[in-house]
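my_file.txt (compact mmCIF, C-alpha atoms) appears below.
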```
# COMPACT_ATOMS: atom_id res chain seq x y z
CA MET U 742 -17.35 -7.60 -24.01
CA SER U 743 -20.15 -6.39 -21.84
CA GLU U 744 -21.78 -3.11 -22.81
CA MET U 745 -21.56 -2.08 -19.19
CA PHE U 746 -17.85 -1.41 -19.66
CA ARG U 747 -16.56 1.64 -21.53
CA ASP U 748 -13.27 2.32 -23.26
CA LYS U 749 -13.76 6.09 -22.90
CA ILE U 750 -14.85 7.59 -19.59
CA GLU U 751 -16.25 11.03 -18.84
CA ILE U 752 -14.59 12.72 -15.91
CA ASP U 753 -15.31 15.94 -14.12
CA LEU U 754 -12.59 17.21 -11.82
CA THR U 755 -10.70 20.22 -10.52
CA VAL U 756 -7.09 20.71 -11.53
CA ASN U 757 -5.04 23.43 -9.85
CA GLY U 758 -8.26 25.15 -8.84
CA GLU U 759 -9.89 25.08 -12.27
CA ALA U 760 -12.83 22.91 -13.31
CA VAL U 761 -11.96 20.41 -16.02
CA GLN U 762 -14.19 18.10 -18.03
CA ALA U 763 -12.69 15.40 -20.18
CA ARG U 764 -13.27 12.09 -21.89
CA VAL U 765 -10.36 9.77 -21.19
CA PRO U 766 -9.28 6.32 -22.42
CA ALA U 767 -9.94 3.60 -19.85
CA GLY U 768 -6.29 2.76 -19.31
CA GLN U 769 -4.82 6.26 -19.36
CA HIS U 770 -2.64 7.13 -16.39
CA ALA U 771 -3.46 10.24 -14.40
CA VAL U 772 -0.01 11.63 -15.10
CA ASP U 773 -0.37 11.11 -18.85
CA PHE U 774 -3.76 12.83 -18.81
CA LEU U 775 -2.26 15.82 -17.02
CA ARG U 776 0.75 15.95 -19.30
CA GLN U 777 -0.76 15.17 -22.68
CA GLU U 778 -4.29 16.54 -22.42
CA LEU U 779 -3.81 19.48 -20.07
CA GLY U 780 -0.19 20.35 -20.91
CA LEU U 781 0.84 20.12 -17.27
CA THR U 782 4.24 18.56 -17.85
CA GLY U 783 5.72 19.17 -14.41
CA ALA U 784 4.98 15.71 -13.04
CA HIS U 785 7.05 13.20 -14.98
CA ALA U 786 6.23 9.71 -16.16
CA SER U 787 9.33 7.66 -15.54
CA CYS U 788 9.39 4.14 -14.12
CA GLU U 789 5.64 3.69 -14.61
CA HIS U 790 5.30 1.11 -11.90
CA GLY U 791 5.20 3.17 -8.74
CA VAL U 792 8.81 2.97 -7.70
CA CYS U 793 10.51 6.25 -8.63
CA GLY U 794 8.03 8.91 -7.47
CA ALA U 795 8.66 11.31 -10.36
CA CYS U 796 4.93 11.31 -11.19
CA THR U 797 3.78 12.23 -7.68
CA ILE U 798 0.79 14.59 -7.68
CA ARG U 799 -1.69 15.70 -5.04
CA VAL U 800 -5.11 14.07 -5.19
CA ASP U 801 -7.72 15.18 -2.64
CA GLY U 802 -4.97 16.34 -0.31
CA ASP U 803 -2.81 13.21 -0.56
CA ALA U 804 0.45 12.67 -2.40
CA VAL U 805 -0.35 10.00 -4.97
CA ARG U 806 1.42 8.15 -7.77
CA GLY U 807 0.28 9.54 -11.12
CA CYS U 808 1.31 6.30 -12.82
CA LEU U 809 -0.63 4.01 -10.47
CA THR U 810 -3.81 6.05 -10.73
CA LEU U 811 -5.97 6.00 -13.81
CA ALA U 812 -7.39 9.25 -15.13
CA ALA U 813 -10.80 7.57 -15.04
CA GLN U 814 -10.46 7.30 -11.27
CA LEU U 815 -10.02 11.06 -10.88
CA ASP U 816 -13.70 11.89 -11.45
CA GLY U 817 -14.79 14.32 -8.74
CA SER U 818 -11.26 14.77 -7.41
CA ASP U 819 -9.30 17.88 -6.53
CA ILE U 820 -5.89 17.66 -8.22
CA TRP U 821 -2.83 19.81 -7.62
CA THR U 822 0.36 19.61 -9.63
CA ILE U 823 3.65 21.47 -9.30
CA GLU U 824 2.29 24.11 -11.69
CA GLY U 825 -0.61 25.00 -9.41
CA LEU U 826 1.47 24.81 -6.27
CA THR U 827 3.97 27.19 -7.89
CA ASP U 828 1.39 29.67 -9.19
CA THR U 829 -0.29 29.93 -5.80
CA ASP U 830 3.04 30.36 -3.99
CA ALA U 831 1.95 27.51 -1.72
CA ILE U 832 5.45 26.05 -1.52
CA ARG U 833 7.53 29.10 -2.35
CA ASP U 834 9.72 28.67 0.73
CA LEU U 835 10.39 25.04 -0.15
CA GLN U 836 11.30 25.83 -3.73
CA LYS U 837 13.67 28.61 -2.60
CA ALA U 838 15.29 26.26 -0.11
CA PHE U 839 15.79 23.61 -2.81
CA VAL U 840 17.62 26.18 -4.95
CA ALA U 841 19.60 27.59 -2.04
CA ARG U 842 20.74 24.14 -0.89
CA ASN U 843 21.42 22.72 -4.35
CA ALA U 844 18.74 20.15 -3.68
CA LEU U 845 18.30 19.57 -7.40
CA GLN U 846 20.56 19.28 -10.38
CA CYS U 847 18.73 18.02 -13.44
CA GLY U 848 15.37 18.67 -11.80
CA PHE U 849 13.58 15.63 -13.17
CA CYS U 850 12.57 14.31 -9.74
CA THR U 851 11.88 17.72 -8.23
CA PRO U 852 8.16 18.21 -9.03
CA GLY U 853 7.29 14.84 -7.49
CA MET U 854 9.77 15.34 -4.68
CA LEU U 855 8.20 18.69 -3.72
CA VAL U 856 4.68 17.23 -3.59
CA ALA U 857 5.93 14.42 -1.35
CA VAL U 858 7.88 16.84 0.87
CA GLU U 859 4.94 19.18 1.23
CA GLU U 860 2.78 16.30 2.43
CA LEU U 861 5.28 15.61 5.20
CA LEU U 862 5.70 19.27 6.17
CA SER U 863 1.96 19.89 6.18
CA LYS U 864 1.73 17.60 9.21
CA GLY U 865 3.60 20.30 11.15
CA GLY U 866 6.53 20.09 13.53
CA VAL U 867 10.16 19.52 12.63
CA PRO U 868 10.62 15.91 11.50
CA ASP U 869 14.07 14.53 12.21
CA ARG U 870 16.32 13.62 9.33
CA ALA U 871 15.58 9.91 9.53
CA VAL U 872 11.85 10.64 9.22
CA ILE U 873 12.48 12.94 6.24
CA ARG U 874 14.56 10.24 4.55
CA ASP U 875 11.97 7.59 5.24
CA HIS U 876 9.16 9.76 3.89
CA LEU U 877 11.13 10.47 0.71
CA SER U 878 12.22 6.85 0.23
CA GLY U 879 9.69 6.57 -2.58
CA ASN U 880 11.15 9.48 -4.56
CA TYR U 881 14.33 8.72 -6.43
CA CYS U 882 16.92 11.39 -7.15
CA ARG U 883 19.89 10.34 -9.26
CA CYS U 884 21.80 13.62 -8.96
CA THR U 885 22.03 14.93 -5.44
CA GLY U 886 22.70 11.94 -3.22
CA TYR U 887 19.73 13.20 -1.13
CA GLU U 888 21.79 14.99 1.55
CA ALA U 889 21.00 18.42 0.12
CA ILE U 890 17.33 17.53 -0.22
CA VAL U 891 17.14 16.51 3.42
CA ASP U 892 18.95 19.75 4.32
CA ALA U 893 16.41 21.80 2.39
CA VAL U 894 13.43 20.02 3.89
CA GLU U 895 14.80 20.29 7.40
CA SER U 896 15.56 24.00 7.00
CA VAL U 897 12.03 24.76 5.79
CA ALA U 898 10.51 22.71 8.60
CA ARG U 899 12.52 24.79 11.08
CA GLN U 900 11.55 28.06 9.40
CA ARG U 901 7.87 27.15 9.42
CA ALA U 902 8.11 26.13 13.07
CA GLY U 903 9.55 29.57 13.81
CA GLU U 904 12.99 28.26 14.67
CA VAL U 905 16.14 30.09 13.61
CA THR U 906 18.02 28.35 10.83
CA SER U 907 21.69 28.28 10.11
CA MET Q 1445 4.90 0.97 -19.88
CA LYS Q 1446 1.31 2.00 -20.42
CA ALA Q 1447 -1.53 -0.10 -19.09
CA SER Q 1448 -3.57 -2.18 -21.51
CA VAL Q 1449 -7.18 -2.08 -20.37
CA GLY Q 1450 -10.19 -3.68 -22.05
CA GLY Q 1451 -12.78 -1.46 -20.44
CA TYR Q 1452 -13.77 0.39 -17.29
CA ALA Q 1453 -16.91 0.64 -15.22
CA ARG Q 1454 -17.46 2.46 -11.95
CA ALA Q 1455 -19.60 0.52 -9.51
CA THR Q 1456 -22.27 2.62 -7.80
CA ASP Q 1457 -23.13 0.10 -5.10
CA LEU Q 1458 -22.30 -3.44 -4.03
CA GLN Q 1459 -25.04 -5.07 -6.13
CA HIS Q 1460 -23.95 -3.09 -9.17
CA ALA Q 1461 -20.36 -4.23 -8.59
CA ILE Q 1462 -21.44 -7.89 -8.49
CA LYS Q 1463 -23.50 -7.40 -11.68
CA LEU Q 1464 -20.48 -5.91 -13.42
CA LEU Q 1465 -18.30 -8.81 -12.30
CA GLU Q 1466 -20.88 -11.30 -13.57
CA SER Q 1467 -21.27 -9.56 -16.93
CA ALA Q 1468 -17.54 -9.59 -17.65
CA ASP Q 1469 -17.42 -13.31 -18.31
CA GLY Q 1470 -14.30 -13.92 -16.25
CA MET Q 1471 -12.41 -10.93 -17.69
CA ALA Q 1472 -13.19 -8.61 -14.77
CA ARG Q 1473 -10.60 -7.21 -12.40
CA VAL Q 1474 -11.61 -5.40 -9.27
CA LEU Q 1475 -9.92 -2.02 -9.10
CA ALA Q 1476 -9.69 -0.60 -5.58
CA GLY Q 1477 -6.60 1.47 -4.75
CA GLY Q 1478 -4.86 0.16 -7.84
CA GLN Q 1479 -1.39 0.23 -6.29
CA SER Q 1480 -0.60 -3.36 -7.29
CA LEU Q 1481 -3.12 -3.85 -10.11
CA VAL Q 1482 -2.20 -0.76 -12.12
CA ALA Q 1483 1.51 -1.55 -11.69
CA ALA Q 1484 0.86 -5.08 -12.97
CA MET Q 1485 -1.12 -3.72 -15.92
CA ASN Q 1486 1.66 -1.23 -16.68
CA MET Q 1487 4.13 -4.09 -16.85
CA ARG Q 1488 1.68 -5.98 -19.06
CA LEU Q 1489 1.54 -8.84 -16.59
CA SER Q 1490 -2.16 -8.47 -17.17
CA ALA Q 1491 -3.75 -7.05 -20.32
CA GLY Q 1492 -7.27 -6.49 -21.65
CA ASP Q 1493 -8.93 -6.61 -18.23
CA LEU Q 1494 -12.39 -5.17 -17.71
CA LEU Q 1495 -11.93 -2.99 -14.66
CA VAL Q 1496 -14.64 -2.80 -12.04
CA ASP Q 1497 -13.77 0.31 -10.05
CA ILE Q 1498 -15.17 -0.20 -6.54
CA SER Q 1499 -13.33 2.74 -5.00
CA ARG Q 1500 -16.55 4.78 -4.63
CA LEU Q 1501 -18.30 2.18 -2.47
CA SER Q 1502 -17.92 4.15 0.74
CA GLU Q 1503 -19.74 1.46 2.74
CA LEU Q 1504 -16.65 -0.74 2.29
CA SER Q 1505 -14.38 1.73 4.06
CA GLY Q 1506 -13.70 2.23 7.73
CA VAL Q 1507 -13.25 0.22 10.92
CA ALA Q 1508 -16.05 -0.87 13.26
CA ASP Q 1509 -16.08 -2.30 16.78
CA GLU Q 1510 -18.14 -5.51 16.78
CA GLY Q 1511 -17.66 -6.71 20.32
CA ASP Q 1512 -15.07 -9.49 20.28
CA THR Q 1513 -13.78 -8.48 16.86
CA ILE Q 1514 -13.01 -5.41 14.85
CA ARG Q 1515 -14.25 -5.27 11.28
CA ILE Q 1516 -12.06 -3.50 8.75
CA GLY Q 1517 -13.75 -2.54 5.50
CA ALA Q 1518 -11.92 -3.84 2.44
CA LEU Q 1519 -11.51 -0.35 0.99
CA THR Q 1520 -9.85 1.04 4.11
CA ARG Q 1521 -6.62 2.56 2.90
CA HIS Q 1522 -3.29 1.55 4.40
CA VAL Q 1523 -2.73 5.04 5.81
CA ASN Q 1524 -6.08 4.85 7.62
CA VAL Q 1525 -5.46 1.34 8.92
CA GLY Q 1526 -2.22 2.69 10.40
CA THR Q 1527 -3.84 5.59 12.21
CA ASN Q 1528 -7.15 4.00 13.25
CA SER Q 1529 -7.55 3.86 17.03
CA LEU Q 1530 -9.46 0.54 17.01
CA VAL Q 1531 -6.73 -1.08 14.93
CA ARG Q 1532 -3.99 0.33 17.12
CA GLU Q 1533 -5.67 -0.94 20.25
CA HIS Q 1534 -6.96 -4.34 19.13
CA ALA Q 1535 -4.74 -5.39 16.22
CA PRO Q 1536 -1.60 -3.27 16.67
CA VAL Q 1537 0.55 -5.37 14.36
CA LEU Q 1538 -1.51 -4.13 11.41
CA ALA Q 1539 -0.67 -0.55 12.32
CA ASP Q 1540 3.00 -1.57 12.65
CA ALA Q 1541 2.82 -3.23 9.25
CA VAL Q 1542 1.57 -0.04 7.59
CA LYS Q 1543 4.82 1.71 8.50
CA VAL Q 1544 6.81 -0.71 6.36
CA ILE Q 1545 4.41 -1.12 3.42
CA ALA Q 1546 5.95 0.61 0.42
CA HIS Q 1547 6.02 4.40 0.51
CA SER Q 1548 3.73 7.13 1.75
CA ALA Q 1549 2.17 7.83 -1.65
CA ILE Q 1550 1.36 4.13 -2.08
CA ARG Q 1551 -0.10 3.88 1.42
CA ASN Q 1552 -2.36 6.84 0.61
CA ARG Q 1553 -4.17 4.83 -2.07
CA GLY Q 1554 -3.58 1.13 -1.39
CA THR Q 1555 -6.35 -0.74 0.45
CA ILE Q 1556 -6.21 -3.66 2.88
CA GLY Q 1557 -8.82 -5.60 0.92
CA GLY Q 1558 -6.85 -5.08 -2.27
CA ALA Q 1559 -3.68 -6.31 -0.62
CA LEU Q 1560 -5.41 -9.46 0.66
CA ALA Q 1561 -7.23 -10.22 -2.59
CA HIS Q 1562 -4.00 -9.69 -4.52
CA ALA Q 1563 -2.32 -12.27 -2.22
CA ASP Q 1564 1.24 -11.24 -2.91
CA PRO Q 1565 3.42 -13.51 -0.73
CA ALA Q 1566 5.85 -10.62 -0.26
CA ALA Q 1567 3.16 -8.32 1.17
CA GLU Q 1568 2.75 -7.65 4.87
CA PHE Q 1569 -1.04 -7.70 5.32
CA PRO Q 1570 -1.65 -11.30 4.14
CA ALA Q 1571 0.93 -12.68 6.57
CA CYS Q 1572 -0.28 -10.49 9.45
CA VAL Q 1573 -3.95 -11.27 8.89
CA LEU Q 1574 -3.15 -14.99 8.85
CA ALA Q 1575 -1.18 -14.71 12.09
CA LEU Q 1576 -4.13 -12.87 13.63
CA GLY Q 1577 -6.62 -15.57 12.59
CA ALA Q 1578 -8.94 -13.22 10.74
CA LYS Q 1579 -12.19 -13.99 8.98
CA LEU Q 1580 -12.79 -12.63 5.48
CA HIS Q 1581 -16.22 -11.49 4.38
CA ILE Q 1582 -17.10 -12.05 0.75
CA VAL Q 1583 -20.12 -11.07 -1.35
CA GLY Q 1584 -21.10 -12.72 -4.60
CA PRO Q 1585 -24.13 -13.41 -6.79
CA ASP Q 1586 -25.34 -16.01 -4.27
CA GLY Q 1587 -25.05 -13.72 -1.29
CA ASP Q 1588 -22.59 -13.38 1.57
CA ARG Q 1589 -20.11 -15.85 2.92
CA ALA Q 1590 -17.28 -15.75 5.40
CA VAL Q 1591 -13.99 -17.62 5.07
CA ALA Q 1592 -11.40 -18.32 7.74
CA VAL Q 1593 -8.10 -16.79 6.67
CA GLU Q 1594 -6.49 -20.25 6.95
CA ASP Q 1595 -8.64 -21.25 3.94
CA PHE Q 1596 -8.35 -18.01 1.97
CA PHE Q 1597 -4.89 -18.15 0.41
CA HIS Q 1598 -4.57 -20.83 -2.25
CA GLY Q 1599 -1.16 -20.09 -3.73
CA LEU Q 1600 0.83 -17.45 -5.56
CA PHE Q 1601 -1.64 -14.56 -6.14
CA GLU Q 1602 -4.44 -17.12 -5.74
CA THR Q 1603 -7.27 -16.89 -3.23
CA ASP Q 1604 -10.62 -18.43 -2.45
CA LEU Q 1605 -12.39 -15.57 -4.29
CA GLU Q 1606 -14.43 -16.56 -7.34
CA PRO Q 1607 -14.35 -14.24 -10.39
CA GLU Q 1608 -17.81 -12.83 -9.54
CA GLU Q 1609 -17.04 -12.31 -5.88
CA LEU Q 1610 -15.82 -9.34 -3.92
CA LEU Q 1611 -13.96 -9.16 -0.63
CA THR Q 1612 -15.90 -6.69 1.51
CA ALA Q 1613 -14.36 -6.76 4.98
CA ILE Q 1614 -12.00 -8.49 7.38
CA SER Q 1615 -12.91 -9.38 10.96
CA ILE Q 1616 -10.05 -9.65 13.41
CA PRO Q 1617 -10.35 -11.00 16.95
CA LYS Q 1618 -9.48 -8.31 19.47
CA ALA Q 1619 -6.17 -8.84 21.21
CA GLU Q 1620 -6.57 -10.57 24.57
CA ALA Q 1621 -5.15 -9.06 27.74
CA GLY Q 1622 -1.43 -9.78 27.59
CA GLU Q 1623 -1.44 -10.69 23.90
CA ARG Q 1624 1.69 -9.78 21.98
CA GLN Q 1625 1.86 -9.02 18.26
CA VAL Q 1626 5.18 -8.45 16.55
CA LEU Q 1627 6.27 -7.88 12.95
CA GLN Q 1628 9.93 -8.16 12.02
CA GLU Q 1629 11.41 -7.90 8.57
CA VAL Q 1630 14.63 -7.30 6.68
CA THR Q 1631 14.66 -4.89 3.77
CA ARG Q 1632 17.61 -3.46 1.94
CA ARG Q 1633 16.01 -0.01 1.68
CA SER Q 1634 13.09 1.71 3.34
CA GLY Q 1635 9.88 0.85 1.48
CA ASP Q 1636 11.27 -2.10 -0.49
CA TYR Q 1637 9.63 -5.48 -0.42
CA ALA Q 1638 11.15 -7.41 2.48
CA LEU Q 1639 13.75 -10.06 1.72
CA ALA Q 1640 11.89 -11.92 4.43
CA GLY Q 1641 9.49 -10.99 7.20
CA LEU Q 1642 7.89 -12.65 10.18
CA CYS Q 1643 4.71 -12.02 12.13
CA LEU Q 1644 4.44 -13.48 15.62
CA VAL Q 1645 1.28 -13.43 17.71
CA LYS Q 1646 1.27 -14.81 21.25
CA ARG Q 1647 -2.06 -15.70 22.84
CA GLN Q 1648 -3.15 -17.86 25.76
CA ALA Q 1649 -3.93 -20.61 23.25
CA GLY Q 1650 -0.38 -20.47 21.92
CA HIS Q 1651 1.85 -18.78 19.40
CA ARG Q 1652 1.00 -18.11 15.76
CA ILE Q 1653 3.85 -17.51 13.34
CA THR Q 1654 3.64 -16.56 9.67
CA MET Q 1655 6.24 -15.36 7.23
CA LEU Q 1656 6.33 -13.24 4.12
CA SER Q 1657 8.60 -13.59 1.08
CA VAL Q 1658 9.59 -17.18 1.89
CA GLY Q 1659 7.04 -19.14 -0.14
CA GLU Q 1660 4.19 -18.95 -2.61
CA GLN Q 1661 1.64 -17.94 0.02
CA PRO Q 1662 1.58 -17.03 3.69
CA GLU Q 1663 1.37 -20.10 5.86
CA LEU Q 1664 1.34 -20.85 9.56
CA ALA Q 1665 4.69 -22.24 10.72
CA HIS Q 1666 3.23 -25.04 12.80
CA GLY Q 1667 6.56 -26.64 13.70
CA ALA Q 1668 8.03 -23.43 15.03
CA MET Q 1669 4.77 -22.57 16.79
CA ALA Q 1670 4.78 -25.87 18.71
CA LYS Q 1671 8.40 -25.42 19.79
CA LEU Q 1672 7.74 -21.87 20.90
CA ASP Q 1673 4.68 -23.02 22.86
CA ALA Q 1674 7.07 -25.38 24.66
CA GLY Q 1675 9.42 -22.50 25.40
CA ASP Q 1676 12.13 -23.81 23.08
CA VAL Q 1677 13.38 -20.84 21.05
CA ASP Q 1678 16.36 -22.67 19.55
CA GLY Q 1679 14.10 -25.52 18.53
CA ALA Q 1680 11.62 -23.05 17.04
CA VAL Q 1681 14.35 -21.44 14.94
CA GLU Q 1682 15.46 -24.84 13.70
CA ALA Q 1683 11.89 -25.93 12.96
CA LEU Q 1684 11.11 -22.66 11.15
CA ARG Q 1685 14.18 -22.96 8.91
CA ALA Q 1686 13.18 -26.53 8.08
CA GLU Q 1687 9.52 -25.89 7.29
CA ILE Q 1688 9.74 -22.88 4.99
CA GLU Q 1689 10.54 -23.18 1.29
CA PRO Q 1690 12.04 -19.88 0.18
CA SER Q 1691 13.24 -19.41 -3.37
CA SER Q 1692 16.31 -17.68 -4.72
CA ASP Q 1693 16.04 -14.53 -6.78
CA THR Q 1694 18.12 -11.49 -7.63
CA LYS Q 1695 17.56 -10.02 -4.17
CA ALA Q 1696 18.47 -12.96 -1.95
CA SER Q 1697 19.31 -16.64 -2.12
CA ALA Q 1698 17.07 -19.28 -0.60
CA SER Q 1699 19.69 -20.16 2.00
CA TYR Q 1700 20.07 -16.51 3.01
CA ARG Q 1701 16.30 -16.17 3.36
CA ARG Q 1702 16.27 -19.31 5.49
CA HIS Q 1703 19.00 -17.82 7.67
CA ILE Q 1704 17.11 -14.53 8.00
CA ALA Q 1705 13.97 -16.39 9.02
CA GLY Q 1706 15.68 -17.71 12.13
CA VAL Q 1707 17.19 -14.33 12.91
CA LEU Q 1708 13.78 -12.68 12.58
CA LEU Q 1709 12.19 -15.22 14.90
CA ARG Q 1710 14.82 -14.54 17.56
CA ARG Q 1711 14.33 -10.78 17.15
CA ALA Q 1712 10.57 -11.18 17.35
CA VAL Q 1713 10.82 -13.24 20.55
CA ASP Q 1714 13.18 -10.64 22.02
CA GLN Q 1715 10.83 -7.82 21.08
CA MET Q 1716 7.84 -9.74 22.43
CA THR Q 1717 9.42 -10.39 25.79
CA GLY Q 1718 10.83 -6.88 25.93
CA ASP Q 1719 7.73 -4.80 25.37
CA ALA Q 1720 4.85 -5.91 27.52
CA ARG Q 1721 1.58 -4.46 26.37
```
Would you mind writing the file out in structure tokens?
Amino acid sequence: MSEMFRDKIEIDLTVNGEAVQARVPAGQHAVDFLRQELGLTGAHASCEHGVCGACTIRVDGDAVRGCLTLAAQLDGSDIWTIEGLTDTDAIRDLQKAFVARNALQCGFCTPGMLVAVEELLSKGGVPDRAVIRDHLSGNYCRCTGYEAIVDAVESVARQRAGEVTS
Amino acid sequence: MKASVGGYARATDLQHAIKLLESADGMARVLAGGQSLVAAMNMRLSAGDLLVDISRLSELSGVADEGDTIRIGALTRHVNVGTNSLVREHAPVLADAVKVIAHSAIRNRGTIGGALAHADPAAEFPACVLALGAKLHIVGPDGDRAVAVEDFFHGLFETDLEPEELLTAISIPKAEAGERQVLQEVTRRSGDYALAGLCLVKRQAGHRITMLSVGEQPELAHGAMAKLDAGDVDGAVEALRAEIEPSSDTKASASYRRHIAGVLLRRAVDQMTGDAR
């Protein structure tokens, strides 16, 4: 093997607002780095091929699959996980709405679901239900049947837009 | 599962990337957005690769107006292809395609060059780029070369790219006045790979039709194109069903895919005649 390739890579990044330096194995997934090295176990590793969305995290402002991104690729990035988004109250209204609407049961999908939802809501406006469903098509929930999740997302979109909600 | 990786190197510029590819002795894999590659590594379809991460080569990202063509950098992410004003004006079917490629989180990272170099016959961009008659720009140890898209796809996940070469950009002829570009596909769920899909481009020189998920690589449907040029939609449907070679899998049988192909062609013709540009 060429000496130009490394099996351990130095990375320098920001996670939930804090600077982090680490040395990661070449093939380590971003979500495994967050979970195993930093103890941020909110994002879940599940299908590990980009289908279920449980590992969704925010990378440089975008919702991203933690299992299709290598930790080595995160050098210089700004990462937010459900832990940071919770601590900063950034999505407090969304989390309350999920509880109020029973938009989770076991909660396994919820951290990834919330990151994906927040990406949609951050674009502003009140997306219609078909748009919400389409945006969340990459986040599986095996408990709720999705209706309650769409309800919660729609209600928060209306609240944020200053509309009265039922 | 977890990915099995032989090593990783982050390219700092194009020349460095080529050097890394050369030094890997055929074991290199170009890592761009990683949305297909990392999934394949996770499923151990590929193991022990030496990854050449080109994602920091900012010169490979973005869309430029080059007169008669637009040039899309290979690292341009799907989400940015979909929102780019040059793409929407001059190659609108690519922006339409973005809406049906996987899910938002995938589109945030996946790149058009990665999708083309991966050459998945179920993917939208290869079929669309073939229908548009694009030119692909490639850099290797011996310098630059350009390949017509008709010569780029060589089979299932196979392209004209040599192991030490890198796809850098795609040039697409700007849509003529009155040109129509349509993508139609059938998927069971939003974001799934299509059971079958069809891209139809109508120019003064004639129609160009390609399909996805009905063969080992995207190909022009010459029989159907000739019939459509002659204004014979029924004949085009018949020709299309005869010239494709779909396979059966757990998602759809070959005969169902063949049926869908004809349906998609009719829908595409309807859409094309319905929405003048």
Spatial neighbours of Ser818 of chain U, max dist 10 Å, all atoms listed in the file, sep filter under 6 positions, as a compact mmCIF listing (two decimals) with C-alpha atoms, in the frame of the given file:
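In the end it all went to around-v3.txt:
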```txt
# COMPACT_ATOMS: atom_id res chain seq x y z
CA ILE U 752 -14.59 12.72 -15.91
CA ASP U 753 -15.31 15.94 -14.12
CA LEU U 754 -12.59 17.21 -11.82
CA THR U 755 -10.70 20.22 -10.52
CA VAL U 756 -7.09 20.71 -11.53
CA ARG U 799 -1.69 15.70 -5.04
CA VAL U 800 -5.11 14.07 -5.19
CA ASP U 801 -7.72 15.18 -2.64
CA GLY U 802 -4.97 16.34 -0.31
```
Residue contacts of segment 1657-1674 of chain Q (7 Å, only C-alpha atoms) excluding same-chain residues fewer than 3 positions away, as number ranges by chain = Q: 1565-1566, 1570-1571, 1597, 1599-1600, 1638-1641, 1650-1654, 1677, 1679-1681, 1683-1684, 1687-1691, 1701
- request: For chain U, report every residue with an atom at most 9 Å from chain Q (counting all atoms listed in the file), formatted as JSON, numbers by chain.
  value: {"U": [742, 743, 744, 745, 746, 747, 748, 749, 750, 766, 767, 768, 769, 770, 788, 789, 790, 791, 792, 794, 797, 803, 804, 805, 806, 808, 809, 810, 811, 813, 814, 857, 874, 875, 876, 877, 878, 879, 880]}
Go ahead and write the selection's residues with C-alpha atoms as a PDB file, keeping the file's coordinate frame.
```pdb
ATOM      1  CA  MET U 742     -17.350  -7.600 -24.010  1.00  0.00           C
ATOM      2  CA  SER U 743     -20.150  -6.390 -21.840  1.00  0.00           C
ATOM      3  CA  GLU U 744     -21.780  -3.110 -22.810  1.00  0.00           C
ATOM      4  CA  MET U 745     -21.560  -2.080 -19.190  1.00  0.00           C
ATOM      5  CA  PHE U 746     -17.850  -1.410 -19.660  1.00  0.00           C
ATOM      6  CA  ARG U 747     -16.560   1.640 -21.530  1.00  0.00           C
ATOM      7  CA  ASP U 748     -13.270   2.320 -23.260  1.00  0.00           C
ATOM      8  CA  LYS U 749     -13.760   6.090 -22.900  1.00  0.00           C
ATOM      9  CA  ILE U 750     -14.850   7.590 -19.590  1.00  0.00           C
ATOM     10  CA  PRO U 766      -9.280   6.320 -22.420  1.00  0.00           C
ATOM     11  CA  ALA U 767      -9.940   3.600 -19.850  1.00  0.00           C
ATOM     12  CA  GLY U 768      -6.290   2.760 -19.310  1.00  0.00           C
ATOM     13  CA  GLN U 769      -4.820   6.260 -19.360  1.00  0.00           C
ATOM     14  CA  HIS U 770      -2.640   7.130 -16.390  1.00  0.00           C
ATOM     15  CA  CYS U 788       9.390   4.140 -14.120  1.00  0.00           C
ATOM     16  CA  GLU U 789       5.640   3.690 -14.610  1.00  0.00           C
ATOM     17  CA  HIS U 790       5.300   1.110 -11.900  1.00  0.00           C
ATOM     18  CA  GLY U 791       5.200   3.170  -8.740  1.00  0.00           C
ATOM     19  CA  VAL U 792       8.810   2.970  -7.700  1.00  0.00           C
ATOM     20  CA  GLY U 794       8.030   8.910  -7.470  1.00  0.00           C
ATOM     21  CA  THR U 797       3.780  12.230  -7.680  1.00  0.00           C
ATOM     22  CA  ASP U 803      -2.810  13.210  -0.560  1.00  0.00           C
ATOM     23  CA  ALA U 804       0.450  12.670  -2.400  1.00  0.00           C
ATOM     24  CA  VAL U 805      -0.350  10.000  -4.970  1.00  0.00           C
ATOM     25  CA  ARG U 806       1.420   8.150  -7.770  1.00  0.00           C
ATOM     26  CA  CYS U 808       1.310   6.300 -12.820  1.00  0.00           C
ATOM     27  CA  LEU U 809      -0.630   4.010 -10.470  1.00  0.00           C
ATOM     28  CA  THR U 810      -3.810   6.050 -10.730  1.00  0.00           C
ATOM     29  CA  LEU U 811      -5.970   6.000 -13.810  1.00  0.00           C
ATOM     30  CA  ALA U 813     -10.800   7.570 -15.040  1.00  0.00           C
ATOM     31  CA  GLN U 814     -10.460   7.300 -11.270  1.00  0.00           C
ATOM     32  CA  ALA U 857       5.930  14.420  -1.350  1.00  0.00           C
ATOM     33  CA  ARG U 874      14.560  10.240   4.550  1.00  0.00           C
ATOM     34  CA  ASP U 875      11.970   7.590   5.240  1.00  0.00           C
ATOM     35  CA  HIS U 876       9.160   9.760   3.890  1.00  0.00           C
ATOM     36  CA  LEU U 877      11.130  10.470   0.710  1.00  0.00           C
ATOM     37  CA  SER U 878      12.220   6.850   0.230  1.00  0.00           C
ATOM     38  CA  GLY U 879       9.690   6.570  -2.580  1.00  0.00           C
ATOM     39  CA  ASN U 880      11.150   9.480  -4.560  1.00  0.00           C
TER      40      ASN U 880
END
```
Open item on the list: So that I can check the surroundings of Val1591 of chain Q, please list as a ChimeraX atom specification every protein, DNA and RNA residue that reaches within 7 Å of it, counting all atoms listed in the file and ignoring chain neighbours fewer than 4 positions away.
Closed with: /Q:1579-1581,1595-1596
